[in-house]
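Q: One structure coming up, written as structure tokens, with questions to follow.
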Amino acid sequence: PRHALAADVESFYHLPHGEHVGKACQGTACFAARHFNPDLWAEASAQNPRVYCLGECFAAPAKGQTGPRPPVKVLAPHGIVLGRIAAGGARTLAAYENLGGYAALRKALAGTPEQVLAAVEASGLRGRGGAGFPAGRKWRAVASQPAGEKYVVANADEGDAGAYIDRYLMEDDPHALIEGMVLAAYAVGASKGYIYVRLEYPLANSVLREAIVEARAAGWLGPRVGGTDFAFELEVYTGHGSYVCGEETSLLRSIEGKRPEVMARPPYPTERGLFDKPTLLNNVETLVMPLTSTVQRRHEP
């Protein structure tokens, strides 16, 4: 029965109804810093359900997302991923375009998908989610699948202790992720994308949704991206609290509304991923990287 299936799926999540709001964190970083605020740690330990990692590792032990964030500084000659955030952030489309936003996508659309793939392959970019798999090889694998429905998915289910760069990017540079996903979709021939954001990041969820509305109104999403014949749509999917959803096959099953269990491979998502269609799945940082480190520079004289 449908209600039984729904209950079975819901039972896999520890925050199925959004119980994370205002709760204290019991993640690993907060555990390591528990002696700074024993009372807060005791509160986190006594909660039901418990909440793990709010992306506030810099303020551990943390409660909610209310503390001031540390400033971001770029010590390298040129910022690659966090340059705009170090300059104060670019939440709006106007601010993003003033800092060079959508220039890489505009250049890519003036060329061919093959040129984008070649640029990413030549860059040597590897996945920034931990495994270090060559990004160009994964993109090429999706692009080589027969033409038809394909997907691009951003894994923003960031939950490892001390990791919060994806949260920074989504909250303060959301259009960079959108541009990166559209560029990736153009390269591999995808027409639809999803950003899987963990429930524990409420601000990232709202900022991304607003940015998508802006991008669509400006023509960077929709039936004629950048005034071309390329069409791409994008939406945010909010998780329900499950650490395992950071694994790619589990994440895809979650979007499908199924019990998010890890699936055996092969086949890999590049062949049969979301809704059994070829799917490119990268984490947020990986999708942002090509904008400044590969495609844009590759197209410059």
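Naming works like this for the structure tokens: A, B, ... for the chains as they're shown, residue 1 at the start of each chain, ligands 1 onward in shown order.
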I'd like the neighbourhood of Ala184 of chain A as a CSV table (one decimal) with N, CA and C atoms, in the first residue's frame, where a residue qualifies if any of its atoms comes within 12 Å (using only C-alpha atoms), though same-chain residues fewer than 5 positions away should be ignored.
A:
```csv
chain,number,residue,atom,x,y,z
A,104,ALA,N,31.7,32.7,-18.0
A,104,ALA,CA,32.2,31.4,-18.4
A,104,ALA,C,31.1,30.7,-19.2
A,105,LEU,N,29.9,30.8,-18.7
A,105,LEU,CA,28.8,30.1,-19.4
A,105,LEU,C,28.5,30.8,-20.8
A,108,ALA,N,31.1,29.5,-23.1
A,108,ALA,CA,30.8,28.1,-23.4
A,108,ALA,C,29.7,27.9,-24.4
A,109,LEU,N,28.7,28.7,-24.2
A,109,LEU,CA,27.5,28.6,-25.2
A,109,LEU,C,27.9,29.1,-26.6
A,113,PRO,N,29.7,21.8,-27.0
A,113,PRO,CA,29.8,21.0,-25.8
A,113,PRO,C,31.2,20.2,-25.8
A,114,GLU,N,31.7,19.8,-26.9
A,114,GLU,CA,32.9,19.1,-27.0
A,114,GLU,C,34.1,20.0,-26.5
A,115,GLN,N,34.0,21.3,-26.8
A,115,GLN,CA,35.1,22.2,-26.3
A,115,GLN,C,35.1,22.3,-24.8
A,116,VAL,N,33.9,22.3,-24.2
A,116,VAL,CA,33.8,22.4,-22.8
A,116,VAL,C,34.3,21.1,-22.2
A,117,LEU,N,34.0,19.9,-22.7
A,117,LEU,CA,34.5,18.7,-22.2
A,117,LEU,C,36.0,18.6,-22.3
A,119,ALA,N,38.1,21.1,-22.3
A,119,ALA,CA,38.7,22.0,-21.4
A,119,ALA,C,38.7,21.4,-20.0
A,120,VAL,N,37.6,20.8,-19.6
A,120,VAL,CA,37.6,20.1,-18.2
A,120,VAL,C,38.6,19.0,-18.2
A,135,ALA,N,37.2,14.6,-13.0
A,135,ALA,CA,35.9,15.1,-13.4
A,135,ALA,C,35.6,15.0,-14.8
A,136,GLY,N,36.6,15.3,-15.6
A,136,GLY,CA,36.5,15.2,-17.1
A,136,GLY,C,36.0,13.8,-17.6
A,138,LYS,N,34.3,11.6,-15.8
A,138,LYS,CA,32.9,11.4,-15.5
A,138,LYS,C,32.0,12.2,-16.4
A,139,TRP,N,32.3,13.4,-16.7
A,139,TRP,CA,31.5,14.2,-17.6
A,139,TRP,C,31.5,13.5,-19.0
A,140,ARG,N,32.6,13.0,-19.5
A,140,ARG,CA,32.7,12.4,-20.8
A,140,ARG,C,31.8,11.1,-20.8
A,142,VAL,N,29.0,10.6,-19.2
A,142,VAL,CA,27.6,11.0,-19.4
A,142,VAL,C,27.3,11.5,-20.8
A,143,ALA,N,28.3,12.3,-21.3
A,143,ALA,CA,28.1,12.8,-22.6
A,143,ALA,C,28.1,11.7,-23.7
A,150,LYS,N,18.7,13.3,-19.8
A,150,LYS,CA,19.9,13.1,-18.9
A,150,LYS,C,19.7,14.2,-17.7
A,151,TYR,N,20.5,13.9,-16.6
A,151,TYR,CA,20.3,14.8,-15.5
A,151,TYR,C,21.7,15.2,-15.0
A,152,VAL,N,21.7,16.4,-14.3
A,152,VAL,CA,22.9,16.9,-13.6
A,152,VAL,C,22.4,17.1,-12.1
A,153,VAL,N,23.1,16.5,-11.2
A,153,VAL,CA,22.7,16.6,-9.8
A,153,VAL,C,23.9,17.1,-9.0
A,154,ALA,N,23.7,18.1,-8.1
A,154,ALA,CA,24.7,18.6,-7.2
A,154,ALA,C,24.5,18.0,-5.9
A,177,LEU,N,27.1,28.2,-8.4
A,177,LEU,CA,26.6,26.8,-8.5
A,177,LEU,C,25.7,26.6,-9.6
A,178,ILE,N,24.8,27.6,-9.8
A,178,ILE,CA,23.8,27.5,-10.9
A,178,ILE,C,24.5,27.5,-12.2
A,179,GLU,N,25.4,28.5,-12.3
A,179,GLU,CA,26.2,28.6,-13.6
A,179,GLU,C,27.0,27.3,-13.9
A,189,GLY,N,24.8,17.3,-22.3
A,189,GLY,CA,23.5,17.1,-22.9
A,189,GLY,C,22.4,16.8,-22.0
A,190,ALA,N,22.4,17.4,-20.8
A,190,ALA,CA,21.3,17.2,-19.8
A,190,ALA,C,20.3,18.3,-19.9
A,191,SER,N,19.1,18.0,-19.6
A,191,SER,CA,18.0,19.0,-19.7
A,191,SER,C,17.4,19.4,-18.3
A,192,LYS,N,17.8,18.6,-17.3
A,192,LYS,CA,17.2,18.9,-16.0
A,192,LYS,C,18.2,18.7,-14.9
A,193,GLY,N,18.1,19.5,-13.8
A,193,GLY,CA,19.1,19.3,-12.7
A,193,GLY,C,18.4,19.5,-11.4
A,232,PHE,N,17.4,24.1,-20.2
A,232,PHE,CA,17.8,23.5,-18.9
A,232,PHE,C,17.0,24.0,-17.8
A,279,THR,N,23.2,10.2,-15.5
A,279,THR,CA,23.3,11.3,-14.6
A,279,THR,C,24.7,11.7,-14.2
A,280,LEU,N,25.0,13.0,-14.3
A,280,LEU,CA,26.2,13.5,-13.8
A,280,LEU,C,26.0,14.0,-12.4
A,281,LEU,N,26.7,13.5,-11.5
A,281,LEU,CA,26.6,13.9,-10.1
A,281,LEU,C,28.0,14.3,-9.5
A,282,ASN,N,28.1,15.6,-9.1
A,282,ASN,CA,29.3,16.1,-8.5
A,282,ASN,C,28.9,16.9,-7.3
A,286,THR,N,33.1,21.0,-6.8
A,286,THR,CA,33.5,20.5,-8.1
A,286,THR,C,32.8,21.2,-9.2
A,287,LEU,N,31.5,21.5,-9.1
A,287,LEU,CA,30.7,22.1,-10.1
A,287,LEU,C,31.1,23.6,-10.3
A,288,VAL,N,31.6,24.2,-9.2
A,288,VAL,CA,32.0,25.6,-9.3
A,288,VAL,C,33.4,25.8,-9.9
A,289,MET,N,34.2,24.8,-9.7
A,289,MET,CA,35.6,24.9,-10.1
A,289,MET,C,35.8,25.3,-11.6
A,290,PRO,N,35.1,24.6,-12.6
A,290,PRO,CA,35.4,24.9,-14.0
A,290,PRO,C,35.1,26.3,-14.4
A,291,LEU,N,34.4,27.1,-13.6
A,291,LEU,CA,34.0,28.5,-14.0
A,291,LEU,C,35.3,29.3,-14.1
A,295,VAL,N,37.3,26.3,-17.9
A,295,VAL,CA,36.5,26.7,-19.1
A,295,VAL,C,36.8,28.1,-19.5
```
Q: With only C-alpha atoms as the basis for distance, which of A:Gly89, A:Gly219, A:Gly79, A:Gly111 is at the shortest distance from Asp172 of chain A?
A: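 Residue with the minimum atom-to-atom distance to Asp172 of chain A: A:Gly89.
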Q: I need the residues in segment 138-219 of chain A that are strand (DSSP E or B) according to DSSP; give them as a PDB file with N, CA and C atoms, in the first residue's frame.
A:
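Output contents, as saved in states-v1.pdb:
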```pdb
ATOM      1  N   TYR A 151      20.455  13.925 -16.636  1.00  0.00           N
ATOM      2  CA  TYR A 151      20.346  14.809 -15.480  1.00  0.00           C
ATOM      3  C   TYR A 151      21.722  15.245 -14.984  1.00  0.00           C
ATOM      4  N   VAL A 152      21.735  16.423 -14.343  1.00  0.00           N
ATOM      5  CA  VAL A 152      22.893  16.876 -13.584  1.00  0.00           C
ATOM      6  C   VAL A 152      22.422  17.077 -12.149  1.00  0.00           C
ATOM      7  N   VAL A 153      23.134  16.497 -11.204  1.00  0.00           N
ATOM      8  CA  VAL A 153      22.749  16.587  -9.796  1.00  0.00           C
ATOM      9  C   VAL A 153      23.925  17.106  -8.983  1.00  0.00           C
ATOM     10  N   ALA A 154      23.663  18.105  -8.136  1.00  0.00           N
ATOM     11  CA  ALA A 154      24.675  18.628  -7.222  1.00  0.00           C
ATOM     12  C   ALA A 154      24.483  17.984  -5.857  1.00  0.00           C
ATOM     13  N   ASN A 155      25.506  17.328  -5.380  1.00  0.00           N
ATOM     14  CA  ASN A 155      25.471  16.710  -4.059  1.00  0.00           C
ATOM     15  C   ASN A 155      25.868  17.760  -3.029  1.00  0.00           C
ATOM     16  N   ALA A 156      24.863  18.373  -2.400  1.00  0.00           N
ATOM     17  CA  ALA A 156      25.102  19.371  -1.359  1.00  0.00           C
ATOM     18  C   ALA A 156      24.716  18.816   0.004  1.00  0.00           C
ATOM     19  N   LYS A 192      17.756  18.649 -17.285  1.00  0.00           N
ATOM     20  CA  LYS A 192      17.164  18.900 -15.968  1.00  0.00           C
ATOM     21  C   LYS A 192      18.209  18.678 -14.889  1.00  0.00           C
ATOM     22  N   GLY A 193      18.123  19.495 -13.834  1.00  0.00           N
ATOM     23  CA  GLY A 193      19.075  19.349 -12.745  1.00  0.00           C
ATOM     24  C   GLY A 193      18.425  19.477 -11.387  1.00  0.00           C
ATOM     25  N   TYR A 194      19.068  18.887 -10.395  1.00  0.00           N
ATOM     26  CA  TYR A 194      18.617  18.972  -9.007  1.00  0.00           C
ATOM     27  C   TYR A 194      19.800  19.335  -8.114  1.00  0.00           C
ATOM     28  N   ILE A 195      19.537  20.185  -7.133  1.00  0.00           N
ATOM     29  CA  ILE A 195      20.518  20.462  -6.090  1.00  0.00           C
ATOM     30  C   ILE A 195      19.987  19.817  -4.817  1.00  0.00           C
ATOM     31  N   TYR A 196      20.664  18.798  -4.334  1.00  0.00           N
ATOM     32  CA  TYR A 196      20.225  18.090  -3.135  1.00  0.00           C
ATOM     33  C   TYR A 196      20.868  18.760  -1.927  1.00  0.00           C
ATOM     34  N   VAL A 197      20.081  19.545  -1.191  1.00  0.00           N
ATOM     35  CA  VAL A 197      20.587  20.308  -0.051  1.00  0.00           C
ATOM     36  C   VAL A 197      20.119  19.663   1.246  1.00  0.00           C
TER      37      VAL A 197
END
```
Q: Select, from A:Ala94, A:Val188, A:Leu99, A:Cys53, the residue with the minimum atom-to-atom distance to Ala218 of chain A, counting only C-alpha atoms.
A: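 The answer is A:Ala94, which sits nearest to Ala218 of chain A.
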Q: Just give me the gap between atom CA of Tyr96 of chain A and atom CA of Arg209 of chain A in Å, one decimal is fine.
A: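 Separating atom CA of Tyr96 of chain A from atom CA of Arg209 of chain A is a distance of 15.6 Å.
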Q: Give me, as a ChimeraX atom specification, all polymer residues having an atom no more than 10 Å from Phe31 of chain A, counting only C-alpha atoms and skipping those fewer than 3 positions away in the same chain.
A: /A:25-28,34-35,38,41,44-45,60-62,161
Q: Run DSSP on the backbone and grab whatever in segment 125-224 of chain A lands in alpha helix (DSSP H); send it over as number ranges by chain.
A: A: 135-143, 165-172, 174-188, 202-217
Q: Please save C-alpha atoms of the selected residues as an mmCIF file, in the first residue's frame.
A:
```cif
data_model
loop_
_atom_site.group_PDB
_atom_site.id
_atom_site.type_symbol
_atom_site.label_atom_id
_atom_site.label_comp_id
_atom_site.auth_asym_id
_atom_site.auth_seq_id
_atom_site.Cartn_x
_atom_site.Cartn_y
_atom_site.Cartn_z
ATOM 1 C CA ALA A 135 35.870 15.137 -13.354
ATOM 2 C CA GLY A 136 36.461 15.173 -17.094
ATOM 3 C CA ARG A 137 36.211 11.398 -17.280
ATOM 4 C CA LYS A 138 32.884 11.419 -15.454
ATOM 5 C CA TRP A 139 31.515 14.229 -17.637
ATOM 6 C CA ARG A 140 32.671 12.385 -20.766
ATOM 7 C CA ALA A 141 30.959 9.190 -19.584
ATOM 8 C CA VAL A 142 27.594 10.956 -19.364
ATOM 9 C CA ALA A 143 28.092 12.837 -22.626
ATOM 10 C CA ILE A 165 32.715 25.066 2.066
ATOM 11 C CA ASP A 166 29.592 23.952 0.197
ATOM 12 C CA ARG A 167 27.448 25.806 2.705
ATOM 13 C CA TYR A 168 29.503 28.982 2.156
ATOM 14 C CA LEU A 169 29.176 28.676 -1.614
ATOM 15 C CA MET A 170 25.430 28.058 -1.568
ATOM 16 C CA GLU A 171 24.689 30.870 0.870
ATOM 17 C CA ASP A 172 27.050 33.566 -0.417
ATOM 18 C CA PRO A 174 24.617 30.679 -5.195
ATOM 19 C CA HIS A 175 24.766 31.740 -8.832
ATOM 20 C CA ALA A 176 28.215 30.151 -9.143
ATOM 21 C CA LEU A 177 26.644 26.766 -8.467
ATOM 22 C CA ILE A 178 23.791 27.489 -10.864
ATOM 23 C CA GLU A 179 26.178 28.604 -13.604
ATOM 24 C CA GLY A 180 28.388 25.574 -13.033
ATOM 25 C CA MET A 181 25.431 23.215 -13.299
ATOM 26 C CA VAL A 182 24.144 24.814 -16.492
ATOM 27 C CA LEU A 183 27.628 24.644 -17.986
ATOM 28 C CA ALA A 184 27.937 20.972 -17.029
ATOM 29 C CA ALA A 185 24.490 20.251 -18.462
ATOM 30 C CA TYR A 186 25.466 21.892 -21.746
ATOM 31 C CA ALA A 187 28.608 19.761 -21.904
ATOM 32 C CA VAL A 188 26.887 16.423 -21.257
ATOM 33 C CA PRO A 202 17.921 26.208 5.891
ATOM 34 C CA LEU A 203 19.575 29.426 4.711
ATOM 35 C CA ALA A 204 21.271 27.668 1.795
ATOM 36 C CA ASN A 205 17.903 26.231 0.799
ATOM 37 C CA SER A 206 16.178 29.611 0.688
ATOM 38 C CA VAL A 207 19.070 31.494 -0.936
ATOM 39 C CA LEU A 208 19.365 28.931 -3.735
ATOM 40 C CA ARG A 209 15.638 29.003 -4.457
ATOM 41 C CA GLU A 210 15.714 32.791 -4.751
ATOM 42 C CA ALA A 211 18.784 32.661 -6.997
ATOM 43 C CA ILE A 212 17.102 30.131 -9.297
ATOM 44 C CA VAL A 213 14.162 32.499 -9.715
ATOM 45 C CA GLU A 214 16.595 35.298 -10.629
ATOM 46 C CA ALA A 215 18.521 33.120 -13.073
ATOM 47 C CA ARG A 216 15.347 31.977 -14.794
ATOM 48 C CA ALA A 217 14.066 35.550 -15.130
#
```
Q: State, in Å with one decimal place, the distance from atom CA of Lys277 of chain A to atom CA of Glu200 of chain A.
A: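 Straight-line distance from atom CA of Lys277 of chain A to atom CA of Glu200 of chain A works out to 28.5 Å.
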Q: Quick one: residues within 8 Å of Glu261 of chain A, only C-alpha atoms counted, chain neighbours fewer than 6 positions away excluded, as a list in words?
A: Val244, Thr249, Ser250 and Arg253 of chain A
Q: For the residues in that selection, give me N, CA and C atoms as a JSON list (two decimals), in the first residue's frame.
A:
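New file out_1.json:
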```
[["chain", "number", "residue", "atom", "x", "y", "z"],
["A", 244, "VAL", "N", 23.79, 8.96, 5.24],
["A", 244, "VAL", "CA", 24.10, 8.08, 4.12],
["A", 244, "VAL", "C", 23.73, 8.71, 2.78],
["A", 249, "THR", "N", 24.42, 6.99, -4.84],
["A", 249, "THR", "CA", 23.24, 6.19, -5.19],
["A", 249, "THR", "C", 22.13, 6.37, -4.17],
["A", 250, "SER", "N", 22.51, 6.54, -2.92],
["A", 250, "SER", "CA", 21.51, 6.80, -1.87],
["A", 250, "SER", "C", 20.82, 8.13, -2.10],
["A", 253, "ARG", "N", 18.28, 7.88, -4.97],
["A", 253, "ARG", "CA", 17.05, 7.20, -4.55],
["A", 253, "ARG", "C", 16.19, 8.11, -3.68]]
```
Q: Show me a table, sorted first by chain and then by increasing residue number, of the residues of segment 40-76 of chain A having an atom at most 12 Å from segment 239-243 of chain A, each with its shortest atom pair and the distance in Å to one decimal, counting only C-alpha atoms and written as a Markdown table.
A:
```
| residue | atom | partner | partner_atom | distance |
| --- | --- | --- | --- | --- |
| A:Pro49 | CA | A:Gly241 | CA | 10.3 |
| A:Arg50 | CA | A:Gly241 | CA | 10.1 |
| A:Val51 | CA | A:Gly241 | CA | 8.3 |
| A:Tyr52 | CA | A:Gly241 | CA | 8.6 |
| A:Cys53 | CA | A:Tyr243 | CA | 9.7 |
| A:Leu54 | CA | A:Gly241 | CA | 10.9 |
```
Q: Could those selected residues go to a file with N, CA and C atoms, as a short mmCIF file (atom, residue, chain, number, x, y, z; two decimals), in the first residue's frame?
A:
```cif
data_model
loop_
_atom_site.label_atom_id
_atom_site.label_comp_id
_atom_site.auth_asym_id
_atom_site.auth_seq_id
_atom_site.Cartn_x
_atom_site.Cartn_y
_atom_site.Cartn_z
N PRO A 49 14.69 14.03 18.18
CA PRO A 49 15.87 13.36 17.63
C PRO A 49 17.12 14.21 17.78
N ARG A 50 18.25 13.56 17.68
CA ARG A 50 19.52 14.28 17.73
C ARG A 50 19.84 14.88 16.37
N VAL A 51 20.62 15.96 16.39
CA VAL A 51 20.98 16.66 15.17
C VAL A 51 22.49 16.58 14.98
N TYR A 52 22.91 16.23 13.78
CA TYR A 52 24.33 16.05 13.51
C TYR A 52 24.80 17.00 12.41
N CYS A 53 25.72 17.85 12.74
CA CYS A 53 26.42 18.78 11.85
C CYS A 53 25.49 19.81 11.21
N LEU A 54 25.59 21.02 11.71
CA LEU A 54 24.84 22.16 11.18
C LEU A 54 25.71 23.04 10.29
#
```
